[in-house]
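Engineer: entry.pdb is reproduced below (PDB, C-alpha atoms).
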ATOM      1  CA  MET A 470     -85.926 113.164 -20.439
ATOM      2  CA  HIS A 471     -82.519 114.592 -21.200
ATOM      3  CA  LEU A 472     -81.154 114.957 -24.744
ATOM      4  CA  ASP A 473     -77.431 114.178 -24.686
ATOM      5  CA  HIS A 474     -76.650 114.760 -28.374
ATOM      6  CA  VAL A 475     -77.919 114.836 -31.961
ATOM      7  CA  GLY A 476     -75.949 112.635 -34.371
ATOM      8  CA  VAL A 477     -75.558 114.046 -37.901
ATOM      9  CA  ALA A 478     -74.126 111.913 -40.736
ATOM     10  CA  VAL A 479     -71.780 113.860 -43.041
ATOM     11  CA  THR A 480     -69.498 112.972 -45.932
ATOM     12  CA  ASP A 481     -66.741 115.477 -45.021
ATOM     13  CA  LEU A 482     -66.221 116.011 -41.284
ATOM     14  CA  GLU A 483     -63.964 119.075 -41.603
ATOM     15  CA  ALA A 484     -66.349 120.831 -44.043
ATOM     16  CA  ALA A 485     -69.276 120.190 -41.683
ATOM     17  CA  ILE A 486     -67.288 121.541 -38.704
ATOM     18  CA  ARG A 487     -66.562 124.692 -40.760
ATOM     19  CA  PHE A 488     -70.282 125.067 -41.585
ATOM     20  CA  TYR A 489     -71.399 124.888 -37.939
ATOM     21  CA  GLY A 490     -68.551 127.205 -36.939
ATOM     22  CA  GLU A 491     -69.296 129.880 -39.558
ATOM     23  CA  THR A 492     -73.087 129.759 -39.268
ATOM     24  CA  LEU A 493     -73.547 129.171 -35.538
ATOM     25  CA  GLY A 494     -70.180 129.800 -33.869
ATOM     26  CA  ALA A 495     -69.790 126.111 -32.945
ATOM     27  CA  VAL A 496     -66.694 124.831 -31.123
ATOM     28  CA  VAL A 497     -65.378 121.236 -31.212
ATOM     29  CA  THR A 498     -65.119 119.725 -27.709
ATOM     30  CA  GLU A 499     -64.155 116.076 -28.418
ATOM     31  CA  ARG A 500     -62.996 113.906 -31.310
ATOM     32  CA  TYR A 501     -62.972 110.106 -31.549
ATOM     33  CA  GLU A 502     -62.456 107.297 -34.022
ATOM     34  CA  LEU A 503     -64.936 104.526 -33.243
ATOM     35  CA  ALA A 504     -63.639 101.379 -34.933
ATOM     36  CA  HIS A 505     -66.681  99.264 -33.941
ATOM     37  CA  ASP A 506     -69.091 101.708 -35.576
ATOM     38  CA  ARG A 507     -66.711 102.526 -38.475
ATOM     39  CA  VAL A 508     -66.934 106.302 -37.924
ATOM     40  CA  ARG A 509     -64.788 109.319 -37.150
ATOM     41  CA  VAL A 510     -66.761 111.771 -34.977
ATOM     42  CA  ALA A 511     -66.512 115.309 -33.613
ATOM     43  CA  PHE A 512     -68.717 116.654 -30.828
ATOM     44  CA  LEU A 513     -69.738 120.333 -30.927
ATOM     45  CA  ASP A 514     -70.972 122.183 -27.852
ATOM     46  CA  ALA A 515     -74.621 123.226 -28.468
ATOM     47  CA  GLY A 516     -75.548 124.640 -25.068
ATOM     48  CA  GLY A 517     -77.535 122.063 -23.113
ATOM     49  CA  ALA A 518     -76.801 119.316 -25.657
ATOM     50  CA  LEU A 519     -74.099 118.314 -28.162
ATOM     51  CA  ILE A 520     -74.024 117.869 -31.937
ATOM     52  CA  GLU A 521     -72.101 114.720 -32.963
ATOM     53  CA  LEU A 522     -70.893 114.879 -36.576
ATOM     54  CA  LEU A 523     -70.194 111.385 -37.968
ATOM     55  CA  GLN A 524     -68.105 110.637 -41.064
ATOM     56  CA  PRO A 525     -67.734 106.995 -42.182
ATOM     57  CA  LEU A 526     -64.336 105.317 -41.909
ATOM     58  CA  GLY A 527     -64.099 103.722 -45.351
ATOM     59  CA  ASP A 528     -66.865 102.160 -47.410
ATOM     60  CA  GLU A 529     -68.711 100.152 -44.768
ATOM     61  CA  GLY A 530     -70.677 100.431 -41.549
ATOM     62  CA  PRO A 531     -74.112 101.816 -40.665
ATOM     63  CA  VAL A 532     -73.287 105.500 -41.258
ATOM     64  CA  PHE A 533     -71.795 104.758 -44.686
ATOM     65  CA  ARG A 534     -74.966 102.843 -45.606
ATOM     66  CA  PHE A 535     -77.154 105.659 -44.205
ATOM     67  CA  LEU A 536     -75.356 108.189 -46.449
ATOM     68  CA  GLN A 537     -75.743 105.950 -49.490
ATOM     69  CA  ARG A 538     -79.464 105.507 -48.814
ATOM     70  CA  ARG A 539     -80.531 108.976 -47.621
ATOM     71  CA  GLY A 540     -77.601 111.381 -48.040
ATOM     72  CA  GLU A 541     -76.316 113.701 -45.339
ATOM     73  CA  GLY A 542     -78.667 114.511 -42.455
ATOM     74  CA  VAL A 543     -79.703 113.765 -38.900
ATOM     75  CA  HIS A 544     -78.811 110.156 -38.094
ATOM     76  CA  HIS A 545     -79.892 109.650 -34.462
ATOM     77  CA  LEU A 546     -81.002 111.294 -31.222
ATOM     78  CA  ALA A 547     -79.230 110.260 -28.009
ATOM     79  CA  PHE A 548     -80.896 110.528 -24.607
ATOM     80  CA  LEU A 549     -79.392 110.052 -21.145
ATOM     81  CA  VAL A 550     -80.965 107.396 -18.910
ATOM     82  CA  PRO A 551     -80.001 106.754 -15.277
ATOM     83  CA  ASP A 552     -79.804 102.925 -15.664
ATOM     84  CA  LEU A 553     -79.298 101.681 -19.219
ATOM     85  CA  ALA A 554     -79.856  97.961 -18.499
ATOM     86  CA  GLN A 555     -83.189  98.784 -16.838
ATOM     87  CA  ALA A 556     -84.113 101.172 -19.675
ATOM     88  CA  LEU A 557     -83.645  98.323 -22.194
ATOM     89  CA  VAL A 558     -85.890  96.036 -20.109
ATOM     90  CA  ASP A 559     -88.539  98.785 -19.976
ATOM     91  CA  ALA A 560     -88.237  99.460 -23.713
ATOM     92  CA  ARG A 561     -88.815  95.777 -24.492
ATOM     93  CA  VAL A 562     -91.829  95.691 -22.157
ATOM     94  CA  HIS A 563     -93.291  98.638 -24.088
ATOM     95  CA  GLY A 564     -92.831  96.794 -27.389
ATOM     96  CA  GLN A 565     -89.770  98.663 -28.640
ATOM     97  CA  ARG A 566     -87.449  96.786 -30.985
ATOM     98  CA  LEU A 567     -83.833  96.851 -29.721
ATOM     99  CA  ILE A 568     -80.798  97.039 -32.006
ATOM    100  CA  ASP A 569     -78.452  96.377 -29.058
ATOM    101  CA  GLU A 570     -79.808  93.748 -26.650
ATOM    102  CA  ARG A 571     -77.434  94.937 -23.926
ATOM    103  CA  PRO A 572     -75.276  98.003 -23.138
ATOM    104  CA  ARG A 573     -72.035  98.356 -25.128
ATOM    105  CA  PRO A 574     -69.189 100.910 -25.122
ATOM    106  CA  GLY A 575     -69.667 104.073 -27.197
ATOM    107  CA  ALA A 576     -67.789 107.361 -27.678
ATOM    108  CA  GLY A 577     -65.718 108.393 -24.668
ATOM    109  CA  GLY A 578     -66.203 105.003 -22.992
ATOM    110  CA  ARG A 579     -69.854 105.659 -22.168
ATOM    111  CA  LEU A 580     -72.340 102.770 -22.173
ATOM    112  CA  ILE A 581     -74.837 102.990 -25.036
ATOM    113  CA  ALA A 582     -77.548 100.989 -26.832
ATOM    114  CA  PHE A 583     -79.721 101.772 -29.861
ATOM    115  CA  LEU A 584     -83.485 101.361 -30.321
ATOM    116  CA  HIS A 585     -84.794 100.568 -33.802
ATOM    117  CA  PRO A 586     -86.585 103.463 -35.580
ATOM    118  CA  VAL A 587     -89.413 101.158 -36.688
ATOM    119  CA  THR A 588     -90.871 101.319 -33.155
ATOM    120  CA  SER A 589     -89.595 104.865 -32.358
ATOM    121  CA  HIS A 590     -91.684 106.905 -34.820
ATOM    122  CA  GLY A 591     -88.912 106.896 -37.428
ATOM    123  CA  VAL A 592     -86.139 108.108 -35.119
ATOM    124  CA  LEU A 593     -83.030 106.014 -34.467
ATOM    125  CA  ILE A 594     -82.692 106.488 -30.693
ATOM    126  CA  GLU A 595     -79.475 105.974 -28.756
ATOM    127  CA  LEU A 596     -79.761 105.501 -24.995
ATOM    128  CA  VAL A 597     -76.690 106.652 -23.057
ATOM    129  CA  GLN A 598     -76.062 105.733 -19.442
ATOM    130  CA  ALA A 599     -75.697 108.990 -17.539
ATOM    131  CA  PRO A 600     -72.342 109.389 -15.769
ATOM    132  CA  GLN A 601     -72.464 108.567 -12.048
ATOM    133  CA  VAL A 602     -72.375 111.731  -9.945
ATOM    134  CA  GLY A 603     -70.182 111.914  -6.845
TER
ATOM    135  CA  MET B 566     -74.072 127.562 -30.453
ATOM    136  CA  HIS B 567     -77.225 126.721 -28.553
ATOM    137  CA  LEU B 568     -79.671 124.013 -29.653
ATOM    138  CA  ASP B 569     -83.209 125.199 -28.893
ATOM    139  CA  HIS B 570     -85.144 122.146 -30.112
ATOM    140  CA  VAL B 571     -85.239 119.116 -32.406
ATOM    141  CA  GLY B 572     -88.292 118.963 -34.686
ATOM    142  CA  VAL B 573     -89.660 115.449 -35.325
ATOM    143  CA  ALA B 574     -92.366 114.830 -37.951
ATOM    144  CA  VAL B 575     -94.997 112.289 -36.839
ATOM    145  CA  THR B 576     -98.280 111.010 -38.235
ATOM    146  CA  ASP B 577    -100.031 110.671 -34.836
ATOM    147  CA  LEU B 578     -99.078 113.314 -32.267
ATOM    148  CA  GLU B 579    -100.701 111.600 -29.266
ATOM    149  CA  ALA B 580     -99.080 108.217 -30.068
ATOM    150  CA  ALA B 581     -95.681 109.904 -30.343
ATOM    151  CA  ILE B 582     -96.193 111.720 -27.021
ATOM    152  CA  ARG B 583     -97.019 108.337 -25.422
ATOM    153  CA  PHE B 584     -93.834 106.804 -26.894
ATOM    154  CA  TYR B 585     -91.536 109.528 -25.508
ATOM    155  CA  GLY B 586     -93.377 109.395 -22.185
ATOM    156  CA  GLU B 587     -93.138 105.604 -21.769
ATOM    157  CA  THR B 588     -89.592 105.214 -23.054
ATOM    158  CA  LEU B 589     -87.943 108.372 -21.698
ATOM    159  CA  GLY B 590     -90.328 109.883 -19.154
ATOM    160  CA  ALA B 591     -91.003 112.910 -21.350
ATOM    161  CA  VAL B 592     -93.427 115.657 -20.267
ATOM    162  CA  VAL B 593     -95.323 118.017 -22.619
ATOM    163  CA  THR B 594     -94.564 121.682 -21.837
ATOM    164  CA  GLU B 595     -96.353 123.542 -24.678
ATOM    165  CA  ARG B 596     -98.862 122.859 -27.466
ATOM    166  CA  TYR B 597     -99.641 125.012 -30.510
ATOM    167  CA  GLU B 598    -101.495 124.929 -33.784
ATOM    168  CA  LEU B 599     -99.427 126.764 -36.401
ATOM    169  CA  ALA B 600    -101.789 127.625 -39.247
ATOM    170  CA  HIS B 601     -99.035 129.136 -41.431
ATOM    171  CA  ASP B 602     -96.971 125.949 -41.288
ATOM    172  CA  ARG B 603    -100.060 123.637 -41.338
ATOM    173  CA  VAL B 604     -98.965 121.724 -38.225
ATOM    174  CA  ARG B 605    -100.121 120.862 -34.723
ATOM    175  CA  VAL B 606     -97.096 120.674 -32.391
ATOM    176  CA  ALA B 607     -96.205 119.599 -28.860
ATOM    177  CA  PHE B 608     -92.941 120.517 -27.132
ATOM    178  CA  LEU B 609     -91.374 118.011 -24.720
ATOM    179  CA  ASP B 610     -88.807 119.022 -22.102
ATOM    180  CA  ALA B 611     -85.505 117.265 -22.932
ATOM    181  CA  GLY B 612     -83.183 118.843 -20.361
ATOM    182  CA  GLY B 613     -81.131 121.557 -22.043
ATOM    183  CA  ALA B 614     -83.197 121.421 -25.245
ATOM    184  CA  LEU B 615     -86.750 120.589 -26.361
ATOM    185  CA  ILE B 616     -88.258 117.974 -28.672
ATOM    186  CA  GLU B 617     -90.953 119.456 -30.953
ATOM    187  CA  LEU B 618     -93.325 116.796 -32.305
ATOM    188  CA  LEU B 619     -95.074 117.990 -35.488
ATOM    189  CA  GLN B 620     -98.231 116.440 -36.963
ATOM    190  CA  PRO B 621     -99.624 117.867 -40.218
ATOM    191  CA  LEU B 622    -102.942 119.715 -40.163
ATOM    192  CA  GLY B 623    -104.675 118.107 -43.116
ATOM    193  CA  ASP B 624    -103.153 116.960 -46.409
ATOM    194  CA  GLU B 625    -100.880 119.893 -47.222
ATOM    195  CA  GLY B 626     -97.884 121.857 -45.989
ATOM    196  CA  PRO B 627     -94.174 121.070 -45.687
ATOM    197  CA  VAL B 628     -94.480 118.497 -42.860
ATOM    198  CA  PHE B 629     -97.205 116.585 -44.727
ATOM    199  CA  ARG B 630     -94.970 116.490 -47.818
ATOM    200  CA  PHE B 631     -91.951 115.436 -45.691
ATOM    201  CA  LEU B 632     -93.941 112.488 -44.285
ATOM    202  CA  GLN B 633     -95.074 111.453 -47.767
ATOM    203  CA  ARG B 634     -91.503 111.566 -49.067
ATOM    204  CA  ARG B 635     -89.475 110.162 -46.148
ATOM    205  CA  GLY B 636     -91.874 108.903 -43.470
ATOM    206  CA  GLU B 637     -91.684 109.792 -39.796
ATOM    207  CA  GLY B 638     -88.360 111.085 -38.486
ATOM    208  CA  VAL B 639     -86.268 114.094 -37.550
ATOM    209  CA  HIS B 640     -87.460 117.091 -39.573
ATOM    210  CA  HIS B 641     -85.258 119.999 -38.428
ATOM    211  CA  LEU B 642     -82.786 121.297 -35.847
ATOM    212  CA  ALA B 643     -83.450 124.724 -34.309
ATOM    213  CA  PHE B 644     -80.660 126.882 -32.891
ATOM    214  CA  LEU B 645     -80.883 130.105 -30.902
ATOM    215  CA  VAL B 646     -79.120 133.158 -32.320
ATOM    216  CA  PRO B 647     -78.827 136.529 -30.539
ATOM    217  CA  ASP B 648     -79.830 138.609 -33.626
ATOM    218  CA  LEU B 649     -81.797 136.725 -36.285
ATOM    219  CA  ALA B 650     -81.704 139.449 -38.976
ATOM    220  CA  GLN B 651     -77.904 139.637 -38.639
ATOM    221  CA  ALA B 652     -77.636 135.831 -38.642
ATOM    222  CA  LEU B 653     -79.483 135.708 -41.990
ATOM    223  CA  VAL B 654     -77.092 138.313 -43.456
ATOM    224  CA  ASP B 655     -74.115 136.261 -42.210
ATOM    225  CA  ALA B 656     -75.600 133.019 -43.563
ATOM    226  CA  ARG B 657     -76.013 134.567 -47.022
ATOM    227  CA  VAL B 658     -72.423 135.882 -46.918
ATOM    228  CA  HIS B 659     -71.248 132.328 -46.200
ATOM    229  CA  GLY B 660     -73.173 131.010 -49.209
ATOM    230  CA  GLN B 661     -76.109 129.435 -47.330
ATOM    231  CA  ARG B 662     -79.395 129.204 -49.194
ATOM    232  CA  LEU B 663     -82.242 130.776 -47.188
ATOM    233  CA  ILE B 664     -85.813 129.451 -47.155
ATOM    234  CA  ASP B 665     -87.036 132.546 -45.278
ATOM    235  CA  GLU B 666     -85.411 135.752 -46.507
ATOM    236  CA  ARG B 667     -86.402 137.558 -43.305
ATOM    237  CA  PRO B 668     -87.543 136.670 -39.760
ATOM    238  CA  ARG B 669     -91.159 135.518 -39.390
ATOM    239  CA  PRO B 670     -93.320 134.461 -36.409
ATOM    240  CA  GLY B 671     -93.036 130.837 -35.225
ATOM    241  CA  ALA B 672     -94.331 128.803 -32.281
ATOM    242  CA  GLY B 673     -94.992 130.863 -29.149
ATOM    243  CA  GLY B 674     -94.536 134.147 -31.043
ATOM    244  CA  ARG B 675     -90.785 133.710 -31.404
ATOM    245  CA  LEU B 676     -89.037 135.029 -34.522
ATOM    246  CA  ILE B 677     -87.726 132.243 -36.759
ATOM    247  CA  ALA B 678     -86.237 131.598 -40.212
ATOM    248  CA  PHE B 679     -85.187 128.401 -41.995
ATOM    249  CA  LEU B 680     -81.968 127.632 -43.899
ATOM    250  CA  HIS B 681     -82.154 125.190 -46.817
ATOM    251  CA  PRO B 682     -80.619 121.735 -46.165
ATOM    252  CA  VAL B 683     -78.824 121.784 -49.541
ATOM    253  CA  THR B 684     -76.203 124.144 -48.060
ATOM    254  CA  SER B 685     -76.460 122.807 -44.463
ATOM    255  CA  HIS B 686     -75.058 119.285 -44.939
ATOM    256  CA  GLY B 687     -78.525 117.787 -45.337
ATOM    257  CA  VAL B 688     -80.031 119.323 -42.188
ATOM    258  CA  LEU B 689     -83.031 121.671 -42.354
ATOM    259  CA  ILE B 690     -81.914 124.344 -39.862
ATOM    260  CA  GLU B 691     -84.265 126.731 -38.091
ATOM    261  CA  LEU B 692     -82.757 129.862 -36.567
ATOM    262  CA  VAL B 693     -84.663 131.202 -33.556
ATOM    263  CA  GLN B 694     -84.113 134.658 -32.118
ATOM    264  CA  ALA B 695     -83.174 134.187 -28.472
ATOM    265  CA  PRO B 696     -85.532 135.910 -26.027
ATOM    266  CA  GLN B 697     -84.225 139.250 -24.728
ATOM    267  CA  VAL B 698     -82.934 138.943 -21.157
ATOM    268  CA  GLY B 699     -83.713 141.637 -18.554
TER
END
What is this structure when it is put down as C-alpha cells?
Structural biologist:
Amino acid sequence: MHLDHVGVAVTDLEAAIRFYGETLGAVVTERYELAHDRVRVAFLDAGGALIELLQPLGDEGPVFRFLQRRGEGVHHLAFLVPDLAQALVDARVHGQRLIDERPRPGAGGRLIAFLHPVTSHGVLIELVQAPQVG
Amino acid sequence: MHLDHVGVAVTDLEAAIRFYGETLGAVVTERYELAHDRVRVAFLDAGGALIELLQPLGDEGPVFRFLQRRGEGVHHLAFLVPDLAQALVDARVHGQRLIDERPRPGAGGRLIAFLHPVTSHGVLIELVQAPQVG
C-alpha cells in the first residue's frame, strides 16, 4: 500500500498554502485547474506523500458541495495501485461501491478512479495508477 | 514538511484492517492501546507514510465523540517536526490554537501535540517530534 496524497478541501487556496508554509515549512510543487472536477489544486511536498489542497471553481462540483455540507477538512486519501483497471475489478469483487466504473484522467494526466466512502469505512478513496517505471 | 501518518476513526478495527488489506494490500506494522486517548490503534505501512486506524476504547474519549458526531472517516493528519516544543511556540506566534500546550507522550512513546482544526483549515493536526538520528 502506498499513499500518494491526502486531499484537503479549502475555501481559500492561497490562505491554506500560507498556513502549511508557516506551520510546517511546506513548499508547493504543482498547481492545476481541473475543469472536470471543478477545482483549483496545489500539491505540497510532504516527504513520502503529497498534500493536495482543493478549492472549488465556482459554486458547483463535489468539493463545493463537500464544503457546504462539512466545511473545510480532509476530503480524500489517494493510494497508488500498479494496475488501476484490475484494482477496480478487485474492489467490486470485495463488495466496494465504485464512484468511477473505469479509470479517468486526473491531475497531471494520471489515471484515477474513486471508491465510495460508504464501503470504505467513511473515507473517500482515490486510486491512482502508479507511473510506469523504465 | 513530512507527513508521518493519517489517523482514521473506525468503529471496528479488525473490519477496517481487512478492508485496507483486501483493497490495497495493507500490512499492520504496530498495535497499541492508548489509555490516555481512550483508543486502540493499528498502524498500516503506506509507503512513505502510515495509516493509523483508531477504534474507541469504550463509550468515551475524543475518537468516540468524533464517531458519534461525524461517523467513520479521517480524524487527523500527523506531521513530523524536528523540535516539537519550538514548533508549538511558532504555531502560537502564527495565531494557531493549541489543544496541547506542551508535548505529551503518544503512540510508541513519541512526543506529540495537537493543533485545533479551527485555525488549521478544518484539519486536526498532530505534530510529532521526529526521532533523533545517530
Engineer: How would chain A read as an mmCIF file with C-alpha atoms, keeping the file's coordinate frame once least-squares superposed on chain B using all paired C-alpha atoms?
Structural biologist:
data_model
loop_
_atom_site.group_PDB
_atom_site.id
_atom_site.type_symbol
_atom_site.label_atom_id
_atom_site.label_comp_id
_atom_site.auth_asym_id
_atom_site.auth_seq_id
_atom_site.Cartn_x
_atom_site.Cartn_y
_atom_site.Cartn_z
ATOM 1 C CA MET A 470 -74.081 127.561 -30.460
ATOM 2 C CA HIS A 471 -77.219 126.713 -28.547
ATOM 3 C CA LEU A 472 -79.670 124.007 -29.654
ATOM 4 C CA ASP A 473 -83.202 125.198 -28.894
ATOM 5 C CA HIS A 474 -85.130 122.144 -30.119
ATOM 6 C CA VAL A 475 -85.234 119.108 -32.412
ATOM 7 C CA GLY A 476 -88.296 118.955 -34.678
ATOM 8 C CA VAL A 477 -89.662 115.444 -35.320
ATOM 9 C CA ALA A 478 -92.370 114.826 -37.951
ATOM 10 C CA VAL A 479 -94.993 112.281 -36.834
ATOM 11 C CA THR A 480 -98.277 111.010 -38.233
ATOM 12 C CA ASP A 481 -100.029 110.672 -34.838
ATOM 13 C CA LEU A 482 -99.075 113.315 -32.264
ATOM 14 C CA GLU A 483 -100.707 111.598 -29.269
ATOM 15 C CA ALA A 484 -99.077 108.216 -30.060
ATOM 16 C CA ALA A 485 -95.666 109.899 -30.349
ATOM 17 C CA ILE A 486 -96.182 111.722 -27.023
ATOM 18 C CA ARG A 487 -97.015 108.339 -25.427
ATOM 19 C CA PHE A 488 -93.833 106.806 -26.903
ATOM 20 C CA TYR A 489 -91.539 109.521 -25.510
ATOM 21 C CA GLY A 490 -93.376 109.383 -22.180
ATOM 22 C CA GLU A 491 -93.148 105.595 -21.774
ATOM 23 C CA THR A 492 -89.591 105.211 -23.067
ATOM 24 C CA LEU A 493 -87.943 108.359 -21.710
ATOM 25 C CA GLY A 494 -90.320 109.864 -19.140
ATOM 26 C CA ALA A 495 -91.011 112.905 -21.351
ATOM 27 C CA VAL A 496 -93.428 115.648 -20.267
ATOM 28 C CA VAL A 497 -95.312 118.018 -22.611
ATOM 29 C CA THR A 498 -94.570 121.687 -21.828
ATOM 30 C CA GLU A 499 -96.363 123.550 -24.667
ATOM 31 C CA ARG A 500 -98.848 122.861 -27.454
ATOM 32 C CA TYR A 501 -99.638 125.009 -30.497
ATOM 33 C CA GLU A 502 -101.499 124.919 -33.784
ATOM 34 C CA LEU A 503 -99.445 126.771 -36.390
ATOM 35 C CA ALA A 504 -101.803 127.631 -39.243
ATOM 36 C CA HIS A 505 -99.041 129.143 -41.433
ATOM 37 C CA ASP A 506 -96.976 125.954 -41.277
ATOM 38 C CA ARG A 507 -100.046 123.650 -41.332
ATOM 39 C CA VAL A 508 -98.966 121.721 -38.214
ATOM 40 C CA ARG A 509 -100.115 120.854 -34.715
ATOM 41 C CA VAL A 510 -97.090 120.670 -32.383
ATOM 42 C CA ALA A 511 -96.195 119.597 -28.849
ATOM 43 C CA PHE A 512 -92.938 120.520 -27.127
ATOM 44 C CA LEU A 513 -91.376 118.007 -24.712
ATOM 45 C CA ASP A 514 -88.815 119.019 -22.102
ATOM 46 C CA ALA A 515 -85.502 117.250 -22.928
ATOM 47 C CA GLY A 516 -83.184 118.834 -20.371
ATOM 48 C CA GLY A 517 -81.128 121.560 -22.029
ATOM 49 C CA ALA A 518 -83.203 121.417 -25.228
ATOM 50 C CA LEU A 519 -86.754 120.588 -26.360
ATOM 51 C CA ILE A 520 -88.251 117.969 -28.674
ATOM 52 C CA GLU A 521 -90.946 119.454 -30.954
ATOM 53 C CA LEU A 522 -93.315 116.792 -32.312
ATOM 54 C CA LEU A 523 -95.080 117.987 -35.488
ATOM 55 C CA GLN A 524 -98.235 116.438 -36.957
ATOM 56 C CA PRO A 525 -99.629 117.875 -40.219
ATOM 57 C CA LEU A 526 -102.948 119.724 -40.153
ATOM 58 C CA GLY A 527 -104.681 118.094 -43.117
ATOM 59 C CA ASP A 528 -103.161 116.969 -46.397
ATOM 60 C CA GLU A 529 -100.887 119.901 -47.204
ATOM 61 C CA GLY A 530 -97.885 121.854 -45.987
ATOM 62 C CA PRO A 531 -94.172 121.069 -45.680
ATOM 63 C CA VAL A 532 -94.478 118.504 -42.864
ATOM 64 C CA PHE A 533 -97.203 116.588 -44.716
ATOM 65 C CA ARG A 534 -94.969 116.483 -47.809
ATOM 66 C CA PHE A 535 -91.957 115.443 -45.682
ATOM 67 C CA LEU A 536 -93.952 112.489 -44.280
ATOM 68 C CA GLN A 537 -95.085 111.451 -47.751
ATOM 69 C CA ARG A 538 -91.513 111.573 -49.063
ATOM 70 C CA ARG A 539 -89.485 110.175 -46.142
ATOM 71 C CA GLY A 540 -91.888 108.906 -43.466
ATOM 72 C CA GLU A 541 -91.685 109.794 -39.793
ATOM 73 C CA GLY A 542 -88.354 111.095 -38.482
ATOM 74 C CA VAL A 543 -86.269 114.102 -37.545
ATOM 75 C CA HIS A 544 -87.448 117.094 -39.578
ATOM 76 C CA HIS A 545 -85.251 120.005 -38.431
ATOM 77 C CA LEU A 546 -82.781 121.292 -35.848
ATOM 78 C CA ALA A 547 -83.444 124.717 -34.310
ATOM 79 C CA PHE A 548 -80.654 126.872 -32.899
ATOM 80 C CA LEU A 549 -80.882 130.099 -30.896
ATOM 81 C CA VAL A 550 -79.119 133.163 -32.319
ATOM 82 C CA PRO A 551 -78.821 136.526 -30.547
ATOM 83 C CA ASP A 552 -79.827 138.609 -33.628
ATOM 84 C CA LEU A 553 -81.784 136.726 -36.286
ATOM 85 C CA ALA A 554 -81.684 139.459 -38.968
ATOM 86 C CA GLN A 555 -77.888 139.634 -38.645
ATOM 87 C CA ALA A 556 -77.625 135.821 -38.639
ATOM 88 C CA LEU A 557 -79.466 135.712 -41.998
ATOM 89 C CA VAL A 558 -77.074 138.314 -43.456
ATOM 90 C CA ASP A 559 -74.105 136.256 -42.216
ATOM 91 C CA ALA A 560 -75.595 133.021 -43.566
ATOM 92 C CA ARG A 561 -76.005 134.573 -47.019
ATOM 93 C CA VAL A 562 -72.424 135.882 -46.926
ATOM 94 C CA HIS A 563 -71.244 132.327 -46.202
ATOM 95 C CA GLY A 564 -73.175 130.999 -49.204
ATOM 96 C CA GLN A 565 -76.092 129.441 -47.334
ATOM 97 C CA ARG A 566 -79.394 129.203 -49.191
ATOM 98 C CA LEU A 567 -82.246 130.786 -47.181
ATOM 99 C CA ILE A 568 -85.810 129.458 -47.162
ATOM 100 C CA ASP A 569 -87.026 132.554 -45.274
ATOM 101 C CA GLU A 570 -85.396 135.774 -46.507
ATOM 102 C CA ARG A 571 -86.386 137.569 -43.303
ATOM 103 C CA PRO A 572 -87.531 136.686 -39.755
ATOM 104 C CA ARG A 573 -91.149 135.520 -39.379
ATOM 105 C CA PRO A 574 -93.297 134.472 -36.394
ATOM 106 C CA GLY A 575 -93.031 130.851 -35.228
ATOM 107 C CA ALA A 576 -94.334 128.805 -32.281
ATOM 108 C CA GLY A 577 -94.972 130.861 -29.155
ATOM 109 C CA GLY A 578 -94.538 134.141 -31.050
ATOM 110 C CA ARG A 579 -90.779 133.717 -31.413
ATOM 111 C CA LEU A 580 -89.021 135.036 -34.527
ATOM 112 C CA ILE A 581 -87.715 132.249 -36.764
ATOM 113 C CA ALA A 582 -86.231 131.605 -40.223
ATOM 114 C CA PHE A 583 -85.180 128.403 -41.999
ATOM 115 C CA LEU A 584 -81.968 127.624 -43.903
ATOM 116 C CA HIS A 585 -82.154 125.195 -46.823
ATOM 117 C CA PRO A 586 -80.627 121.732 -46.175
ATOM 118 C CA VAL A 587 -78.845 121.782 -49.545
ATOM 119 C CA THR A 588 -76.218 124.141 -48.072
ATOM 120 C CA SER A 589 -76.466 122.812 -44.466
ATOM 121 C CA HIS A 590 -75.063 119.291 -44.944
ATOM 122 C CA GLY A 591 -78.537 117.788 -45.341
ATOM 123 C CA VAL A 592 -80.037 119.321 -42.196
ATOM 124 C CA LEU A 593 -83.030 121.665 -42.353
ATOM 125 C CA ILE A 594 -81.907 124.340 -39.870
ATOM 126 C CA GLU A 595 -84.256 126.724 -38.092
ATOM 127 C CA LEU A 596 -82.736 129.857 -36.568
ATOM 128 C CA VAL A 597 -84.652 131.196 -33.560
ATOM 129 C CA GLN A 598 -84.102 134.654 -32.130
ATOM 130 C CA ALA A 599 -83.172 134.189 -28.486
ATOM 131 C CA PRO A 600 -85.543 135.910 -26.044
ATOM 132 C CA GLN A 601 -84.250 139.256 -24.751
ATOM 133 C CA VAL A 602 -83.012 138.952 -21.171
ATOM 134 C CA GLY A 603 -83.883 141.620 -18.607
#
Engineer: What is the distance, in Å and to one decimal place, between atom CA of A:Ala484 and atom CA of B:Val654?
Structural biologist: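 Here the two named atoms are 20.5 Å from each other.
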Engineer: Decode the PyMOL selection byres ((chain B) within 6 of (chain A)) for the given file into explicit residues and return them as a list in words.
Structural biologist: Met566, His567, Leu568, Thr588, Leu589, Gly590, Ala591, Ala611, Gly612, Gly613, Glu637, Gly638, Ala656, His686, Gly687 and Val688 of chain B
Engineer: Based on the selection just made, write C-alpha atoms of those residues as a JSON list (two decimals), in the frame of the given file.
Structural biologist:
[["chain", "number", "residue", "atom", "x", "y", "z"],
["B", 566, "MET", "CA", -74.07, 127.56, -30.45],
["B", 567, "HIS", "CA", -77.22, 126.72, -28.55],
["B", 568, "LEU", "CA", -79.67, 124.01, -29.65],
["B", 588, "THR", "CA", -89.59, 105.21, -23.05],
["B", 589, "LEU", "CA", -87.94, 108.37, -21.70],
["B", 590, "GLY", "CA", -90.33, 109.88, -19.15],
["B", 591, "ALA", "CA", -91.00, 112.91, -21.35],
["B", 611, "ALA", "CA", -85.50, 117.26, -22.93],
["B", 612, "GLY", "CA", -83.18, 118.84, -20.36],
["B", 613, "GLY", "CA", -81.13, 121.56, -22.04],
["B", 637, "GLU", "CA", -91.68, 109.79, -39.80],
["B", 638, "GLY", "CA", -88.36, 111.08, -38.49],
["B", 656, "ALA", "CA", -75.60, 133.02, -43.56],
["B", 686, "HIS", "CA", -75.06, 119.28, -44.94],
["B", 687, "GLY", "CA", -78.53, 117.79, -45.34],
["B", 688, "VAL", "CA", -80.03, 119.32, -42.19]]
Engineer: Suppose a student applies the PyMOL selection byres ((chain A and resi 524) around 9) to this structure; what residues should they get, written as a ChimeraX atom specification?
Structural biologist: /A:477-482,507-511,522-523,525-526,532-533
